[in-house]
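Data block below; observations after.
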Amino acid sequence: MYFYVKIRKIGTLIWKAVRDEKGILIFKKYDLAKKYALGIENTAYKIVTMDLHPSNRQSCLYGKKYKIA
């Protein structure tokens, strides 16, 4: 399973995936994703679970740049 983090600033309703210079950050373990999300201040977060690899055609991130953290 793979995980990525969506965040939004407190007071707004627009969710965005956490990105690095090269693309969306993908985590292999839930604990790592949660630790990363808790480190970001003044934001609300949700962790999205994916059963498929990001490069799979059925994945929600297919065709987007990503980096496995």
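Chains: A, B, ... in order of the structure tokens. Residues: from 1 per chain. Ligands: from 1, in order shown.
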Counting only C-alpha atoms, which residues in segment 17-36 of chain A sit no more than 8 Å from segment 55-69 of chain A? For each one, give the nearest pair of atoms and the distance in Å, sorted by chain then residue number, as a Markdown table.
```
| residue | atom | partner | partner_atom | distance |
| --- | --- | --- | --- | --- |
| A:Asp20 | CA | A:Lys67 | CA | 7.6 |
| A:Lys22 | CA | A:Lys67 | CA | 6.5 |
| A:Gly23 | CA | A:Tyr66 | CA | 4.3 |
| A:Ile24 | CA | A:Tyr66 | CA | 4.4 |
| A:Leu25 | CA | A:Lys67 | CA | 5.1 |
| A:Ile26 | CA | A:Ile68 | CA | 4.6 |
| A:Phe27 | CA | A:Ala69 | CA | 5.5 |
| A:Lys28 | CA | A:Ile68 | CA | 7.6 |
```
I want to know what sits within 9 Å of Lys6 of chain A, based on only C-alpha atoms, with residues of the same chain fewer than 2 positions away left out; could you give that as an MDAnalysis selection string?
chainID A and resid 4 8 15:18 37 44:48
Those same residues - N, CA, C and O atoms - I'd like them written as a PDB file, in the first residue's frame.
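After the write, part.pdb holds the following:
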```
ATOM      1  N   TYR A   4      -0.267   9.089   0.469  1.00  0.00           N
ATOM      2  CA  TYR A   4       0.187  10.458   0.277  1.00  0.00           C
ATOM      3  C   TYR A   4      -0.667  11.377   1.124  1.00  0.00           C
ATOM      4  O   TYR A   4      -1.751  11.021   1.562  1.00  0.00           O
ATOM      5  N   ARG A   8      -4.384  21.377   3.922  1.00  0.00           N
ATOM      6  CA  ARG A   8      -5.014  22.669   3.648  1.00  0.00           C
ATOM      7  C   ARG A   8      -4.701  23.580   4.804  1.00  0.00           C
ATOM      8  O   ARG A   8      -4.517  23.140   5.944  1.00  0.00           O
ATOM      9  N   TRP A  15      -7.878  21.663  -0.734  1.00  0.00           N
ATOM     10  CA  TRP A  15      -6.919  20.620  -0.385  1.00  0.00           C
ATOM     11  C   TRP A  15      -5.874  20.503  -1.487  1.00  0.00           C
ATOM     12  O   TRP A  15      -6.203  20.545  -2.665  1.00  0.00           O
ATOM     13  N   LYS A  16      -4.611  20.334  -1.092  1.00  0.00           N
ATOM     14  CA  LYS A  16      -3.521  20.148  -2.046  1.00  0.00           C
ATOM     15  C   LYS A  16      -2.631  19.017  -1.557  1.00  0.00           C
ATOM     16  O   LYS A  16      -2.419  18.856  -0.362  1.00  0.00           O
ATOM     17  N   ALA A  17      -2.107  18.263  -2.490  1.00  0.00           N
ATOM     18  CA  ALA A  17      -1.179  17.190  -2.149  1.00  0.00           C
ATOM     19  C   ALA A  17       0.178  17.798  -1.800  1.00  0.00           C
ATOM     20  O   ALA A  17       0.593  18.792  -2.388  1.00  0.00           O
ATOM     21  N   VAL A  18       0.862  17.183  -0.841  1.00  0.00           N
ATOM     22  CA  VAL A  18       2.185  17.656  -0.442  1.00  0.00           C
ATOM     23  C   VAL A  18       3.164  17.319  -1.551  1.00  0.00           C
ATOM     24  O   VAL A  18       3.223  16.193  -2.026  1.00  0.00           O
ATOM     25  N   ALA A  37       3.104  14.700   8.241  1.00  0.00           N
ATOM     26  CA  ALA A  37       1.956  15.611   8.287  1.00  0.00           C
ATOM     27  C   ALA A  37       1.897  16.369   9.606  1.00  0.00           C
ATOM     28  O   ALA A  37       1.523  17.544   9.633  1.00  0.00           O
ATOM     29  N   ALA A  44      -4.455  21.531   8.347  1.00  0.00           N
ATOM     30  CA  ALA A  44      -5.221  20.307   8.574  1.00  0.00           C
ATOM     31  C   ALA A  44      -4.756  19.318   7.524  1.00  0.00           C
ATOM     32  O   ALA A  44      -4.363  19.709   6.422  1.00  0.00           O
ATOM     33  N   TYR A  45      -4.772  18.057   7.845  1.00  0.00           N
ATOM     34  CA  TYR A  45      -4.266  17.069   6.902  1.00  0.00           C
ATOM     35  C   TYR A  45      -5.189  15.866   6.836  1.00  0.00           C
ATOM     36  O   TYR A  45      -5.972  15.615   7.728  1.00  0.00           O
ATOM     37  N   LYS A  46      -5.091  15.136   5.729  1.00  0.00           N
ATOM     38  CA  LYS A  46      -5.698  13.822   5.617  1.00  0.00           C
ATOM     39  C   LYS A  46      -4.755  12.955   4.798  1.00  0.00           C
ATOM     40  O   LYS A  46      -4.101  13.420   3.872  1.00  0.00           O
ATOM     41  N   ILE A  47      -4.683  11.696   5.176  1.00  0.00           N
ATOM     42  CA  ILE A  47      -3.788  10.760   4.529  1.00  0.00           C
ATOM     43  C   ILE A  47      -4.618   9.880   3.602  1.00  0.00           C
ATOM     44  O   ILE A  47      -5.563   9.234   4.027  1.00  0.00           O
ATOM     45  N   VAL A  48      -4.251   9.883   2.340  1.00  0.00           N
ATOM     46  CA  VAL A  48      -4.974   9.141   1.313  1.00  0.00           C
ATOM     47  C   VAL A  48      -4.252   7.821   1.065  1.00  0.00           C
ATOM     48  O   VAL A  48      -3.041   7.792   0.892  1.00  0.00           O
TER      49      VAL A  48
END
```
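When atom CA of Ile40 of chain A is paired with atom CA of Pro54 of chain A, their separation reads 23.7 Å.
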List every residue of chain A that DSSP, applied to the backbone, labels as helix (DSSP H, G or I), and write the result as an MDAnalysis selection string.
chainID A and resid 30:38
Atom CA of Lys34 of chain A sits from atom CA of Met1 of chain A at a separation of 14.6 Å
Check the DSSP output for the backbone and give back, as a PyMOL selection string, the residues of chain A in strand (DSSP E or B).
chain A and resi 2-9+16-17+19+24-27+43-50+66-68
Kindly export the residues of the current selection with N, CA and C atoms, as a PDB file, in the first residue's frame.
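Saved file out-v2.pdb follows:
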```pdb
ATOM      1  N   TYR A   2       0.353   2.271  -0.590  1.00  0.00           N
ATOM      2  CA  TYR A   2       1.060   3.536  -0.674  1.00  0.00           C
ATOM      3  C   TYR A   2       0.160   4.619  -0.090  1.00  0.00           C
ATOM      4  N   PHE A   3       0.787   5.675   0.416  1.00  0.00           N
ATOM      5  CA  PHE A   3       0.059   6.762   1.055  1.00  0.00           C
ATOM      6  C   PHE A   3       0.613   8.098   0.569  1.00  0.00           C
ATOM      7  N   TYR A   4      -0.267   9.089   0.469  1.00  0.00           N
ATOM      8  CA  TYR A   4       0.187  10.458   0.277  1.00  0.00           C
ATOM      9  C   TYR A   4      -0.667  11.377   1.124  1.00  0.00           C
ATOM     10  N   VAL A   5      -0.147  12.565   1.399  1.00  0.00           N
ATOM     11  CA  VAL A   5      -0.764  13.482   2.344  1.00  0.00           C
ATOM     12  C   VAL A   5      -1.373  14.656   1.588  1.00  0.00           C
ATOM     13  N   LYS A   6      -2.615  14.982   1.938  1.00  0.00           N
ATOM     14  CA  LYS A   6      -3.272  16.182   1.436  1.00  0.00           C
ATOM     15  C   LYS A   6      -3.380  17.153   2.609  1.00  0.00           C
ATOM     16  N   ILE A   7      -3.056  18.419   2.367  1.00  0.00           N
ATOM     17  CA  ILE A   7      -3.121  19.419   3.422  1.00  0.00           C
ATOM     18  C   ILE A   7      -3.929  20.624   2.950  1.00  0.00           C
ATOM     19  N   ARG A   8      -4.384  21.377   3.922  1.00  0.00           N
ATOM     20  CA  ARG A   8      -5.014  22.669   3.648  1.00  0.00           C
ATOM     21  C   ARG A   8      -4.701  23.580   4.804  1.00  0.00           C
ATOM     22  N   LYS A   9      -4.600  24.857   4.527  1.00  0.00           N
ATOM     23  CA  LYS A   9      -4.375  25.826   5.587  1.00  0.00           C
ATOM     24  C   LYS A   9      -5.655  25.971   6.382  1.00  0.00           C
ATOM     25  N   LYS A  16      -4.611  20.334  -1.092  1.00  0.00           N
ATOM     26  CA  LYS A  16      -3.521  20.148  -2.046  1.00  0.00           C
ATOM     27  C   LYS A  16      -2.631  19.017  -1.557  1.00  0.00           C
ATOM     28  N   ALA A  17      -2.107  18.263  -2.490  1.00  0.00           N
ATOM     29  CA  ALA A  17      -1.179  17.190  -2.149  1.00  0.00           C
ATOM     30  C   ALA A  17       0.178  17.798  -1.800  1.00  0.00           C
ATOM     31  N   ARG A  19       3.936  18.315  -1.963  1.00  0.00           N
ATOM     32  CA  ARG A  19       4.869  18.139  -3.066  1.00  0.00           C
ATOM     33  C   ARG A  19       6.298  18.440  -2.645  1.00  0.00           C
ATOM     34  N   ILE A  24       4.761  14.863  -6.267  1.00  0.00           N
ATOM     35  CA  ILE A  24       3.981  14.505  -5.089  1.00  0.00           C
ATOM     36  C   ILE A  24       4.756  13.493  -4.256  1.00  0.00           C
ATOM     37  N   LEU A  25       4.800  13.706  -2.949  1.00  0.00           N
ATOM     38  CA  LEU A  25       5.500  12.783  -2.053  1.00  0.00           C
ATOM     39  C   LEU A  25       4.630  11.567  -1.763  1.00  0.00           C
ATOM     40  N   ILE A  26       5.166  10.390  -2.014  1.00  0.00           N
ATOM     41  CA  ILE A  26       4.491   9.120  -1.768  1.00  0.00           C
ATOM     42  C   ILE A  26       5.224   8.409  -0.644  1.00  0.00           C
ATOM     43  N   PHE A  27       4.466   7.876   0.314  1.00  0.00           N
ATOM     44  CA  PHE A  27       5.053   7.150   1.441  1.00  0.00           C
ATOM     45  C   PHE A  27       4.645   5.689   1.370  1.00  0.00           C
ATOM     46  N   THR A  43      -1.888  23.671   9.675  1.00  0.00           N
ATOM     47  CA  THR A  43      -2.584  23.008   8.576  1.00  0.00           C
ATOM     48  C   THR A  43      -3.427  21.858   9.100  1.00  0.00           C
ATOM     49  N   ALA A  44      -4.455  21.531   8.347  1.00  0.00           N
ATOM     50  CA  ALA A  44      -5.221  20.307   8.574  1.00  0.00           C
ATOM     51  C   ALA A  44      -4.756  19.318   7.524  1.00  0.00           C
ATOM     52  N   TYR A  45      -4.772  18.057   7.845  1.00  0.00           N
ATOM     53  CA  TYR A  45      -4.266  17.069   6.902  1.00  0.00           C
ATOM     54  C   TYR A  45      -5.189  15.866   6.836  1.00  0.00           C
ATOM     55  N   LYS A  46      -5.091  15.136   5.729  1.00  0.00           N
ATOM     56  CA  LYS A  46      -5.698  13.822   5.617  1.00  0.00           C
ATOM     57  C   LYS A  46      -4.755  12.955   4.798  1.00  0.00           C
ATOM     58  N   ILE A  47      -4.683  11.696   5.176  1.00  0.00           N
ATOM     59  CA  ILE A  47      -3.788  10.760   4.529  1.00  0.00           C
ATOM     60  C   ILE A  47      -4.618   9.880   3.602  1.00  0.00           C
ATOM     61  N   VAL A  48      -4.251   9.883   2.340  1.00  0.00           N
ATOM     62  CA  VAL A  48      -4.974   9.141   1.313  1.00  0.00           C
ATOM     63  C   VAL A  48      -4.252   7.821   1.065  1.00  0.00           C
ATOM     64  N   THR A  49      -5.011   6.732   1.057  1.00  0.00           N
ATOM     65  CA  THR A  49      -4.454   5.396   0.852  1.00  0.00           C
ATOM     66  C   THR A  49      -4.658   4.973  -0.598  1.00  0.00           C
ATOM     67  N   MET A  50      -3.610   4.376  -1.167  1.00  0.00           N
ATOM     68  CA  MET A  50      -3.692   3.839  -2.517  1.00  0.00           C
ATOM     69  C   MET A  50      -3.264   2.378  -2.476  1.00  0.00           C
ATOM     70  N   TYR A  66       5.859  12.044  -9.305  1.00  0.00           N
ATOM     71  CA  TYR A  66       5.846  11.673  -7.902  1.00  0.00           C
ATOM     72  C   TYR A  66       7.255  11.295  -7.453  1.00  0.00           C
ATOM     73  N   LYS A  67       7.444  11.295  -6.151  1.00  0.00           N
ATOM     74  CA  LYS A  67       8.720  10.900  -5.557  1.00  0.00           C
ATOM     75  C   LYS A  67       8.406  10.054  -4.345  1.00  0.00           C
ATOM     76  N   ILE A  68       8.984   8.868  -4.287  1.00  0.00           N
ATOM     77  CA  ILE A  68       8.764   7.984  -3.131  1.00  0.00           C
ATOM     78  C   ILE A  68       9.718   8.402  -2.024  1.00  0.00           C
TER      79      ILE A  68
END
```
